[in-house]
$ cat start.txt   # compact mmCIF, C-alpha atoms and all ligand atoms
# COMPACT_ATOMS: atom_id res chain seq x y z
CA MET A 4 -2.22 -4.68 24.12
CA LYS A 5 -0.53 -1.61 22.65
CA ILE A 6 0.32 -2.23 19.01
CA LEU A 7 2.45 -0.19 16.61
CA VAL A 8 0.89 -0.44 13.13
CA THR A 9 3.10 0.80 10.30
CA GLY A 10 1.20 1.77 7.16
CA GLY A 11 -1.97 2.17 9.25
CA ALA A 12 -3.33 4.91 6.97
CA GLY A 13 -3.33 2.61 3.92
CA PHE A 14 -5.97 0.20 2.62
CA ILE A 15 -5.31 -2.90 4.72
CA GLY A 16 -3.61 -1.02 7.56
CA SER A 17 -6.60 1.23 8.24
CA THR A 18 -8.92 -1.80 8.26
CA VAL A 19 -6.61 -3.52 10.74
CA VAL A 20 -6.51 -0.40 12.94
CA ARG A 21 -10.31 -0.25 13.15
CA ARG A 22 -10.41 -4.00 13.91
CA LEU A 23 -7.76 -3.71 16.66
CA LEU A 24 -9.51 -0.77 18.32
CA SER A 25 -12.86 -2.56 18.26
CA ALA A 26 -11.16 -5.56 19.94
CA GLY A 27 -10.04 -3.25 22.77
CA HIS A 28 -6.37 -2.83 21.81
CA ARG A 29 -4.51 0.49 21.82
CA VAL A 30 -2.94 1.45 18.52
CA VAL A 31 -0.08 3.69 17.42
CA VAL A 32 -0.05 4.29 13.67
CA ALA A 33 3.24 5.20 12.00
CA ASP A 34 2.65 6.25 8.41
CA LEU A 35 4.44 8.56 6.00
CA LEU A 36 1.16 9.41 4.22
CA THR A 37 2.54 8.77 0.75
CA TYR A 38 0.18 9.04 -2.25
CA ALA A 39 -1.40 5.76 -1.01
CA GLY A 40 -2.00 6.73 2.62
CA SER A 41 -4.61 9.11 3.99
CA ARG A 42 -5.93 10.24 7.37
CA ALA A 43 -9.38 10.02 5.74
CA ASN A 44 -9.03 6.22 5.91
CA LEU A 45 -9.01 6.52 9.72
CA GLU A 46 -11.79 9.09 9.95
CA ALA A 47 -14.22 6.74 11.71
CA VAL A 48 -11.77 6.24 14.61
CA ALA A 49 -10.02 9.63 14.57
CA ASP A 50 -11.42 10.56 18.02
CA ASP A 51 -10.84 7.15 19.59
CA PRO A 52 -8.72 7.70 22.72
CA GLY A 53 -6.98 4.39 22.00
CA LEU A 54 -5.47 5.70 18.75
CA ALA A 55 -2.28 7.73 18.34
CA PHE A 56 -1.01 8.87 14.95
CA GLU A 57 2.64 9.52 14.05
CA ALA A 58 3.49 10.88 10.62
CA ALA A 59 6.83 9.10 10.14
CA ASP A 60 9.01 7.44 7.53
CA ILE A 61 10.00 3.88 8.46
CA CYS A 62 13.37 4.57 6.80
CA ASP A 63 14.09 7.31 9.36
CA ALA A 64 15.87 5.46 12.18
CA ARG A 65 15.77 8.41 14.56
CA ALA A 66 12.02 9.04 14.11
CA ILE A 67 11.19 5.34 14.45
CA GLY A 68 13.44 4.91 17.51
CA ASP A 69 11.72 7.89 19.08
CA ILE A 70 8.27 6.36 18.44
CA PHE A 71 9.31 3.13 20.19
CA GLN A 72 10.66 5.11 23.16
CA ARG A 73 7.61 7.30 23.59
CA HIS A 74 4.91 4.68 22.98
CA ARG A 75 6.57 1.47 24.21
CA PRO A 76 4.48 -0.89 22.02
CA GLU A 77 3.95 -4.51 23.02
CA ALA A 78 3.74 -5.67 19.40
CA VAL A 79 4.36 -4.43 15.86
CA LEU A 80 2.19 -5.03 12.80
CA HIS A 81 4.33 -4.00 9.85
CA LEU A 82 2.27 -3.06 6.78
CA ALA A 83 4.02 0.10 5.53
CA ALA A 84 5.19 -0.53 1.99
CA GLU A 85 5.18 0.57 -1.58
CA SER A 86 2.50 -1.84 -2.73
CA HIS A 87 1.74 -1.53 -6.45
CA VAL A 88 3.48 -3.90 -8.88
CA ASP A 89 3.03 -1.56 -11.88
CA ARG A 90 4.72 1.33 -10.04
CA SER A 91 7.61 -0.98 -9.12
CA ILE A 92 8.14 -1.63 -12.84
CA ASP A 93 8.23 2.09 -13.60
CA GLY A 94 10.38 3.02 -10.59
CA PRO A 95 11.85 0.30 -8.35
CA ALA A 96 13.99 2.62 -6.19
CA SER A 97 11.24 3.64 -3.76
CA PHE A 98 10.32 -0.05 -3.35
CA ILE A 99 13.88 -0.98 -2.41
CA ARG A 100 14.04 2.00 -0.06
CA THR A 101 10.77 1.51 1.84
CA ASN A 102 10.24 -2.24 1.59
CA VAL A 103 13.83 -3.35 2.15
CA ASP A 104 15.71 -0.52 3.91
CA GLY A 105 12.60 0.54 5.84
CA THR A 106 11.99 -2.99 7.10
CA GLY A 107 15.64 -3.17 8.19
CA VAL A 108 15.32 0.10 10.11
CA LEU A 109 12.11 -1.05 11.77
CA LEU A 110 13.61 -4.41 12.77
CA GLU A 111 16.59 -2.70 14.38
CA ALA A 112 14.38 -0.25 16.28
CA ALA A 113 12.13 -3.12 17.41
CA ARG A 114 15.16 -5.15 18.52
CA ALA A 115 16.62 -2.29 20.59
CA HIS A 116 13.21 -1.77 22.24
CA TRP A 117 12.61 -5.51 22.79
CA ARG A 118 16.02 -6.13 24.37
CA ALA A 119 15.32 -3.53 27.05
CA LEU A 120 11.98 -5.10 28.07
CA THR A 121 11.48 -7.26 31.16
CA ALA A 122 11.68 -11.02 30.50
CA PRO A 123 7.87 -11.60 30.49
CA ALA A 124 7.32 -8.59 28.19
CA ARG A 125 10.09 -9.86 25.89
CA ASP A 126 8.41 -13.28 25.68
CA ALA A 127 5.05 -11.73 24.88
CA PHE A 128 6.41 -9.27 22.27
CA ARG A 129 5.53 -9.94 18.60
CA PHE A 130 6.71 -8.47 15.29
CA VAL A 131 4.28 -9.45 12.52
CA HIS A 132 5.49 -8.70 9.00
CA VAL A 133 2.78 -8.50 6.33
CA SER A 134 3.95 -9.95 3.05
CA THR A 135 2.47 -11.33 -0.13
CA ASP A 136 2.01 -14.55 -2.09
CA GLU A 137 3.88 -12.81 -4.93
CA VAL A 138 7.22 -13.64 -3.27
CA PHE A 139 6.77 -17.24 -4.47
CA GLY A 140 6.61 -16.30 -8.15
CA THR A 141 4.08 -17.86 -10.45
CA LEU A 142 2.14 -21.14 -10.57
CA GLY A 143 1.05 -23.09 -13.63
CA ALA A 144 -2.47 -24.45 -13.93
CA HIS A 145 -2.18 -26.68 -10.84
CA GLY A 146 -0.99 -26.64 -7.24
CA ARG A 147 -0.87 -24.02 -4.50
CA PHE A 148 1.89 -22.22 -2.65
CA SER A 149 2.49 -23.06 1.01
CA GLU A 150 4.90 -21.91 3.70
CA ALA A 151 7.40 -24.45 2.30
CA SER A 152 7.39 -23.01 -1.23
CA PRO A 153 10.70 -21.62 -2.51
CA TYR A 154 11.02 -17.87 -3.06
CA ARG A 155 11.02 -16.91 -6.76
CA PRO A 156 9.84 -13.29 -6.98
CA ASN A 157 9.40 -11.93 -10.50
CA SER A 158 8.48 -8.24 -10.16
CA PRO A 159 10.56 -5.56 -8.43
CA TYR A 160 7.70 -5.27 -5.90
CA ALA A 161 7.74 -9.01 -5.15
CA ALA A 162 11.55 -9.03 -4.95
CA SER A 163 11.54 -6.15 -2.46
CA LYS A 164 8.92 -7.92 -0.30
CA ALA A 165 10.95 -11.17 -0.52
CA ALA A 166 14.06 -9.32 0.65
CA ALA A 167 12.09 -7.91 3.58
CA ASP A 168 10.79 -11.40 4.46
CA HIS A 169 14.37 -12.68 4.60
CA LEU A 170 15.41 -9.84 6.90
CA VAL A 171 12.48 -10.57 9.23
CA ARG A 172 13.31 -14.28 9.30
CA ALA A 173 17.01 -13.56 9.92
CA TRP A 174 16.21 -11.24 12.86
CA HIS A 175 14.45 -14.18 14.49
CA ALA A 176 17.16 -16.73 13.69
CA THR A 177 20.04 -14.44 14.70
CA TYR A 178 18.67 -12.27 17.50
CA ASP A 179 15.63 -14.31 18.66
CA LEU A 180 13.33 -11.35 17.95
CA PRO A 181 9.84 -12.96 17.99
CA THR A 182 8.95 -12.31 14.35
CA MET A 183 6.31 -13.84 12.10
CA VAL A 184 5.76 -13.50 8.35
CA VAL A 185 2.28 -13.49 6.83
CA SER A 186 2.05 -14.21 3.10
CA ALA A 187 -1.38 -13.00 2.07
CA SER A 188 -3.13 -13.17 -1.27
CA ASN A 189 -4.71 -10.42 -3.41
CA THR A 190 -6.87 -8.35 -1.11
CA TYR A 191 -9.95 -6.30 -2.02
CA GLY A 192 -12.57 -4.20 -0.25
CA PRO A 193 -13.38 -0.59 0.70
CA ARG A 194 -10.66 2.10 0.68
CA GLN A 195 -8.32 0.35 -1.75
CA PHE A 196 -6.35 2.93 -3.72
CA PRO A 197 -7.83 3.40 -7.24
CA GLU A 198 -4.72 2.08 -9.04
CA LYS A 199 -5.55 -1.55 -8.20
CA LEU A 200 -7.71 -3.76 -10.50
CA ILE A 201 -11.04 -3.77 -8.65
CA PRO A 202 -11.31 -0.08 -7.65
CA LEU A 203 -9.82 1.04 -10.98
CA THR A 204 -12.40 -0.95 -12.95
CA LEU A 205 -15.20 0.26 -10.70
CA ILE A 206 -14.29 3.92 -10.88
CA ARG A 207 -13.66 3.88 -14.63
CA ALA A 208 -17.02 2.15 -15.16
CA VAL A 209 -18.86 4.75 -13.08
CA ARG A 210 -17.16 7.48 -15.14
CA GLY A 211 -18.18 5.79 -18.42
CA GLU A 212 -14.54 5.08 -19.41
CA ALA A 213 -12.98 2.05 -21.12
CA LEU A 214 -12.20 -0.86 -18.75
CA PRO A 215 -8.63 -2.00 -19.42
CA VAL A 216 -7.81 -5.69 -18.91
CA TYR A 217 -4.15 -6.72 -19.19
CA GLY A 218 -3.37 -9.34 -21.88
CA ARG A 219 -6.35 -11.68 -22.27
CA GLY A 220 -7.33 -11.37 -18.59
CA GLU A 221 -6.31 -14.97 -17.94
CA ASN A 222 -4.13 -14.27 -14.89
CA VAL A 223 -5.57 -15.96 -11.83
CA ARG A 224 -5.50 -14.44 -8.32
CA ASP A 225 -6.72 -15.86 -5.00
CA TRP A 226 -9.07 -13.12 -3.73
CA LEU A 227 -9.16 -12.30 -0.02
CA HIS A 228 -11.56 -9.79 1.55
CA VAL A 229 -9.83 -7.10 3.59
CA ASP A 230 -11.86 -7.98 6.73
CA ASP A 231 -10.66 -11.59 6.47
CA HIS A 232 -7.11 -10.29 5.99
CA ALA A 233 -7.42 -8.11 9.11
CA ASN A 234 -8.82 -11.01 11.14
CA ALA A 235 -5.93 -13.19 10.02
CA LEU A 236 -3.39 -10.61 11.23
CA LEU A 237 -5.14 -10.48 14.60
CA ALA A 238 -5.09 -14.28 14.82
CA VAL A 239 -1.35 -14.34 14.01
CA LEU A 240 -0.70 -11.67 16.60
CA GLU A 241 -2.67 -13.46 19.31
CA ARG A 242 -1.95 -17.12 18.54
CA GLY A 243 0.97 -17.28 16.08
CA ALA A 244 4.29 -18.86 17.06
CA ALA A 245 7.48 -16.80 16.97
CA GLY A 246 9.66 -17.61 13.97
CA ARG A 247 6.75 -19.09 12.02
CA SER A 248 5.26 -18.01 8.70
CA TYR A 249 1.62 -18.29 7.67
CA CYS A 250 -0.05 -18.36 4.24
CA ILE A 251 -3.36 -16.49 4.24
CA GLY A 252 -5.40 -17.03 1.07
CA GLY A 253 -8.99 -16.18 0.22
CA GLY A 254 -9.66 -19.66 -1.20
CA CYS A 255 -11.27 -17.97 -4.18
CA GLU A 256 -9.32 -18.32 -7.43
CA LEU A 257 -10.58 -16.21 -10.29
CA ALA A 258 -9.16 -15.02 -13.60
CA ASN A 259 -8.96 -11.24 -13.87
CA ILE A 260 -11.46 -11.22 -16.74
CA ASP A 261 -14.00 -13.05 -14.56
CA VAL A 262 -13.49 -10.52 -11.75
CA VAL A 263 -14.05 -7.66 -14.20
CA ARG A 264 -17.16 -9.32 -15.72
CA THR A 265 -18.63 -9.96 -12.26
CA LEU A 266 -17.99 -6.33 -11.36
CA CYS A 267 -19.69 -5.23 -14.56
CA ARG A 268 -22.78 -7.28 -13.80
CA LEU A 269 -22.99 -5.89 -10.25
CA LEU A 270 -22.66 -2.38 -11.68
CA ASP A 271 -25.36 -3.04 -14.28
CA GLU A 272 -27.75 -3.36 -11.32
CA ALA A 273 -26.28 -0.77 -8.96
CA SER A 274 -25.20 1.90 -11.45
CA PRO A 275 -26.44 1.28 -15.02
CA ARG A 276 -24.74 3.09 -17.90
CA ALA A 277 -26.53 6.16 -19.25
CA ASP A 278 -26.59 4.67 -22.78
CA GLY A 279 -28.28 1.46 -21.58
CA LEU A 280 -25.40 -0.78 -22.74
CA PRO A 281 -24.01 -3.36 -20.32
CA HIS A 282 -20.79 -2.27 -18.58
CA GLU A 283 -19.06 -5.30 -20.18
CA SER A 284 -19.25 -3.50 -23.52
CA ALA A 285 -16.50 -1.14 -22.26
CA ILE A 286 -13.94 -3.92 -21.62
CA ALA A 287 -10.76 -3.28 -23.63
CA PHE A 288 -7.86 -5.77 -23.75
CA VAL A 289 -4.59 -3.86 -23.46
CA ALA A 290 -0.85 -4.68 -23.53
CA ASP A 291 0.05 -7.16 -20.82
CA ARG A 292 2.16 -6.28 -17.75
CA PRO A 293 5.84 -7.19 -18.34
CA GLY A 294 6.65 -10.43 -16.46
CA HIS A 295 2.99 -10.86 -15.46
CA ASP A 296 2.69 -13.87 -13.13
CA LEU A 297 0.07 -16.28 -14.47
CA ARG A 298 -1.42 -17.67 -11.31
CA TYR A 299 -1.25 -17.37 -7.51
CA ALA A 300 -3.06 -19.63 -5.05
CA LEU A 301 -2.35 -20.29 -1.39
CA ASP A 302 -2.77 -23.33 0.82
CA SER A 303 -3.92 -21.82 4.14
CA SER A 304 -4.22 -25.10 6.03
CA ARG A 305 -1.52 -24.15 8.58
CA ALA A 306 -3.45 -20.99 9.48
CA ALA A 307 -6.64 -23.04 9.80
CA ALA A 308 -5.05 -25.75 11.96
CA GLU A 309 -2.84 -23.58 14.18
CA LEU A 310 -4.74 -20.28 14.36
CA GLY A 311 -8.32 -21.37 13.72
CA TRP A 312 -8.46 -18.83 10.89
CA ARG A 313 -10.58 -19.26 7.79
CA PRO A 314 -11.83 -16.73 5.25
CA ARG A 315 -15.48 -15.91 6.00
CA VAL A 316 -16.53 -13.43 3.30
CA ARG A 317 -17.87 -15.01 0.10
CA PHE A 318 -16.36 -13.25 -2.92
CA HIS A 319 -19.66 -12.28 -4.50
CA ASP A 320 -20.94 -10.76 -1.23
CA GLY A 321 -17.64 -8.97 -0.58
CA LEU A 322 -17.53 -7.60 -4.11
CA ARG A 323 -21.16 -6.42 -3.97
CA ASP A 324 -20.43 -4.59 -0.69
CA THR A 325 -17.27 -3.11 -2.21
CA VAL A 326 -19.23 -1.80 -5.20
CA ARG A 327 -21.74 -0.25 -2.80
CA TRP A 328 -18.93 1.38 -0.77
CA TYR A 329 -17.35 3.03 -3.83
CA LEU A 330 -20.74 4.22 -5.08
CA ASP A 331 -21.61 5.64 -1.64
CA ASN A 332 -18.17 7.21 -1.10
CA ARG A 333 -17.52 9.11 -4.32
CA PRO A 334 -15.91 12.06 -2.44
CA TRP A 335 -13.22 9.66 -1.14
CA TRP A 336 -12.00 8.62 -4.60
CA GLU A 337 -12.85 11.87 -6.37
CA ALA A 338 -10.50 13.67 -3.95
CA ILE A 339 -7.72 11.23 -4.93
CA LEU A 340 -8.30 11.73 -8.65
CA ARG A 341 -8.49 15.53 -8.19
CA GLY A 342 -5.39 15.58 -5.97
CA GLY A 343 -3.20 14.62 -8.91
CA ALA A 344 -1.33 11.69 -7.29
CA TYR A 345 -3.17 9.32 -9.64
CA GLY A 346 -5.67 9.98 -12.40
CA GLY A 347 -6.54 6.47 -13.59
CA GLU A 348 -3.79 6.27 -16.22
CA ARG A 349 -1.94 3.12 -17.31
CA LEU A 350 1.18 2.35 -15.26
CA GLY A 351 3.91 -0.28 -15.47
CA LEU A 352 4.76 -0.64 -19.14
CA ALA A 353 8.48 -0.14 -18.45
CA SER A 354 8.58 2.00 -21.59
CA ASP A 355 10.65 4.86 -20.19
CA GLY A 356 13.86 2.95 -19.50
CA PRO A 357 15.79 3.24 -16.23
CA GLU A 358 14.64 5.72 -13.61
CA ALA A 359 16.18 9.12 -13.72
CA GLY A 360 18.97 9.44 -11.18
CA GLN A 361 19.55 5.70 -10.74
P1 LIG B 401 -1.31 0.68 0.57
O1 LIG B 401 -0.43 1.12 -0.56
O2 LIG B 401 -2.77 0.95 0.51
O3 LIG B 401 -0.78 1.33 1.93
C1 LIG B 401 0.58 1.43 2.24
C2 LIG B 401 0.72 2.41 3.40
O4 LIG B 401 2.11 2.49 3.75
C3 LIG B 401 0.25 3.83 3.06
O5 LIG B 401 -0.55 4.35 4.10
C4 LIG B 401 1.55 4.62 2.94
O6 LIG B 401 1.42 5.98 3.28
C5 LIG B 401 2.45 3.88 3.91
N1 LIG B 401 3.88 4.01 3.60
C6 LIG B 401 4.49 3.87 2.40
N2 LIG B 401 5.80 4.13 2.50
C7 LIG B 401 6.04 4.43 3.81
C8 LIG B 401 7.20 4.76 4.56
N3 LIG B 401 8.40 4.86 3.96
N4 LIG B 401 7.08 4.98 5.88
C9 LIG B 401 5.87 4.91 6.49
N5 LIG B 401 4.74 4.61 5.83
C10 LIG B 401 4.81 4.37 4.51
O7 LIG B 401 -1.00 -0.87 0.74
P2 LIG B 401 -1.96 -2.07 1.20
O8 LIG B 401 -2.59 -2.65 -0.01
O9 LIG B 401 -2.78 -1.65 2.34
O10 LIG B 401 -0.85 -3.11 1.68
C11 LIG B 401 -0.38 -3.12 3.02
C12 LIG B 401 0.65 -4.22 3.18
O11 LIG B 401 0.09 -5.48 2.83
C13 LIG B 401 1.87 -4.03 2.27
O12 LIG B 401 3.01 -4.42 3.00
C14 LIG B 401 1.63 -4.99 1.12
O13 LIG B 401 2.84 -5.43 0.55
C15 LIG B 401 0.88 -6.11 1.83
N6 LIG B 401 -0.04 -6.90 1.00
C16 LIG B 401 -0.98 -6.28 0.22
C17 LIG B 401 -1.86 -7.05 -0.53
C18 LIG B 401 -2.93 -6.40 -1.40
O14 LIG B 401 -3.54 -7.11 -2.21
N7 LIG B 401 -3.21 -5.12 -1.27
C19 LIG B 401 -1.78 -8.44 -0.50
C20 LIG B 401 -0.81 -9.04 0.31
C21 LIG B 401 0.05 -8.26 1.06
$ encode --input "start.txt" --output "structure tokens" --more "lines below"
Ligand code: NAD
Amino acid sequence: MKILVTGGAGFIGSTVVRRLLSAGHRVVVADLLTYAGSRANLEAVADDPGLAFEAADICDARAIGDIFQRHRPEAVLHLAAESHVDRSIDGPASFIRTNVDGTGVLLEAARAHWRALTAPARDAFRFVHVSTDEVFGTLGAHGRFSEASPYRPNSPYAASKAAADHLVRAWHATYDLPTMVVSASNTYGPRQFPEKLIPLTLIRAVRGEALPVYGRGENVRDWLHVDDHANALLAVLERGAAGRSYCIGGGCELANIDVVRTLCRLLDEASPRADGLPHESAIAFVADRPGHDLRYALDSSRAAAELGWRPRVRFHDGLRDTVRWYLDNRPWWEAILRGGAYGGERLGLASDGPEAGQ
């Protein structure tokens, strides 16, 4: 199958691209290469004849229409997004632009392409939209979100993803475009941009810096390894039903402080501090994120029953391998820190008031 992957130069997208190519699919990546995207993430498959790369903005209707015309994809995996909650607090405009407007542009381009296909190709076509458990808002101590949970997004990021989900659903209900929505939980693994909790903690620890934990670190996330996430997207693509949504959770709930402590212990073995102190000694509790959701957890039983998908990577194994990857690939993250797009600083305190120009 020939698959258009938006955001294929990002963390999850590049993992999905490698997975699709190894399964024998052809892939067209459309990616704007924002601060979060990099061709380096696709280095291992750069010479694969099955891969084409298009530097394009999903908000640019002409460029996206042109990509559909030239490549004639049989499916779309839509991952391109502004993805960091803290940045959405500091500057929501780019989230509304890419995540909402961009998804609208992509849906319209996909619909125009799909309508012109032969009947069998139209039936086989799929548009898989990659979303997040954050659209459902926050849980208390008990229960899990499922596909039936109401939408209650709390951050600008979550609200922009929720809006995109509604567009995707409406394009199925109104135009019959065979769309599917995947609500996935917090994902971790190699090549995650250093602004996110696990790589940020890891990199700061290696550099001997303080390890910031928001609030008291009590916020619980349902951790999903990026390989399990990629396999889930493949399963949805191959076996998912048009118009359906799927919750994809790691089945591994952990408070942020426990994630950071586990990371510290792994680093004590793999990269001990020069002063002999345990890495935990550098943990520093800092001001909480405004509107910080307390807990996310997903019930993935629909994905298990209908797609045969289950998470395979145990958190401790996945985290140990992730630590190893960041230790072995210092040039990858040092280039990001040197490049100036992000230097490890605190984001998302909403202290600067409304964005300039809004
Ligand atoms: P990422 O920030 O690492 O990558 C996003 C990619 O999208 C980058 O390559 C970037 O260049 C590209 N992009 C951004 N704006 C674009 C635009 N206007 N046009 C074209 N490309 C653009 O994000 P990620 O963590 O890999 O997340 C991928 C998707 O999965 C997102 O839709 C995100 O909402 C969703 N998701 C992420 C997680 C997670 O924990 N990381 C969990 C659930 C869902």
$ closest_atom_pairs --input "start.txt" --of "region 222-302 of chain A" --to "region 209-218 of chain A" --cutoff "12 Å" --atoms "all atoms listed in the file" --output "tab-separated table"
residue	atom	partner	partner_atom	distance
A:Asn222	CA	A:Gly218	CA	8.6
A:Val223	CA	A:Tyr217	CA	11.9
A:Ala258	CA	A:Val216	CA	10.8
A:Asn259	CA	A:Val216	CA	7.6
A:Ile260	CA	A:Val216	CA	7.0
A:Asp261	CA	A:Val216	CA	10.6
A:Val262	CA	A:Val216	CA	10.3
A:Val263	CA	A:Val216	CA	8.1
A:Arg264	CA	A:Leu214	CA	10.3
A:Leu266	CA	A:Leu214	CA	10.9
A:Cys267	CA	A:Leu214	CA	9.6
A:Leu269	CA	A:Val209	CA	11.8
A:Leu270	CA	A:Val209	CA	8.2
A:Asp271	CA	A:Val209	CA	10.2
A:Ala273	CA	A:Val209	CA	10.1
A:Ser274	CA	A:Val209	CA	7.1
A:Pro275	CA	A:Val209	CA	8.6
A:Arg276	CA	A:Gly211	CA	7.1
A:Ala277	CA	A:Gly211	CA	8.4
A:Asp278	CA	A:Gly211	CA	9.5
A:Gly279	CA	A:Gly211	CA	11.4
A:Leu280	CA	A:Gly211	CA	10.7
A:Pro281	CA	A:Gly211	CA	11.0
A:His282	CA	A:Gly211	CA	8.5
A:Glu283	CA	A:Leu214	CA	8.3
A:Ser284	CA	A:Ala213	CA	8.7
A:Ala285	CA	A:Ala213	CA	4.9
A:Ile286	CA	A:Leu214	CA	4.5
A:Ala287	CA	A:Pro215	CA	4.9
A:Phe288	CA	A:Val216	CA	4.8
A:Val289	CA	A:Tyr217	CA	5.2
A:Ala290	CA	A:Gly218	CA	5.5
A:Asp291	CA	A:Gly218	CA	4.2
A:Arg292	CA	A:Tyr217	CA	6.5
A:Pro293	CA	A:Tyr217	CA	10.0
A:Gly294	CA	A:Gly218	CA	11.4
A:His295	CA	A:Tyr217	CA	9.1
A:Asp296	CA	A:Gly218	CA	11.6
A:Leu297	CA	A:Gly218	CA	10.7
$ atom_distance --input "start.txt" --atom1 "CA of Ala64 (chain A)" --atom2 "CA of Ala112 (chain A)"
7.2 Å
$ residues_near_ligand --input "start.txt" --ligand "ligand LIG 401 (chain B)" --cutoff "8 Å" --atoms "all atoms listed in the file" --output "MDAnalysis selection string"
chainID A and resid 9:17 33:41 58:62 81:87 100:102 105 132:137 164 186:191 194:196 227
$ closest_residue --input "start.txt" --among "A:Thr265, A:Ser152, A:Thr182, A:Thr177" --to "Ala300 (chain A)" --atoms "all atoms listed in the file"
A:Ser152
$ atom_distance --input "start.txt" --atom1 "CA of Arg147 (chain A)" --atom2 "CA of Leu257 (chain A)"
13.7 Å
$ atom_distance --input "start.txt" --atom1 "CA of Ser25 (chain A)" --atom2 "CA of Gly53 (chain A)"
9.8 Å
$ closest_atom_pairs --input "start.txt" --of "region 257-313 of chain A" --to "region 244-248 of chain A" --cutoff "10 Å" --atoms "all atoms listed in the file" --output "tab-separated table"
residue	atom	partner	partner_atom	distance
A:Arg305	CA	A:Ser248	CA	9.1
A:Ala306	CA	A:Ser248	CA	9.2
A:Glu309	CA	A:Ala244	CA	9.0
A:Leu310	CA	A:Ala244	CA	9.5
$ residues_around --input "start.txt" --residues "Leu24 (chain A)" --least-positions-apart "3" --cutoff "9 Å" --atoms "all atoms listed in the file" --output "mmCIF file with C-alpha atoms, in the frame of the given file"
data_model
loop_
_atom_site.group_PDB
_atom_site.id
_atom_site.type_symbol
_atom_site.label_atom_id
_atom_site.label_comp_id
_atom_site.auth_asym_id
_atom_site.auth_seq_id
_atom_site.Cartn_x
_atom_site.Cartn_y
_atom_site.Cartn_z
ATOM 1 C CA VAL A 19 -6.610 -3.520 10.740
ATOM 2 C CA VAL A 20 -6.510 -0.400 12.940
ATOM 3 C CA ARG A 21 -10.310 -0.250 13.150
ATOM 4 C CA GLY A 27 -10.040 -3.250 22.770
ATOM 5 C CA HIS A 28 -6.370 -2.830 21.810
ATOM 6 C CA ARG A 29 -4.510 0.490 21.820
ATOM 7 C CA VAL A 30 -2.940 1.450 18.520
ATOM 8 C CA VAL A 48 -11.770 6.240 14.610
ATOM 9 C CA ASP A 51 -10.840 7.150 19.590
ATOM 10 C CA GLY A 53 -6.980 4.390 22.000
ATOM 11 C CA LEU A 54 -5.470 5.700 18.750
#
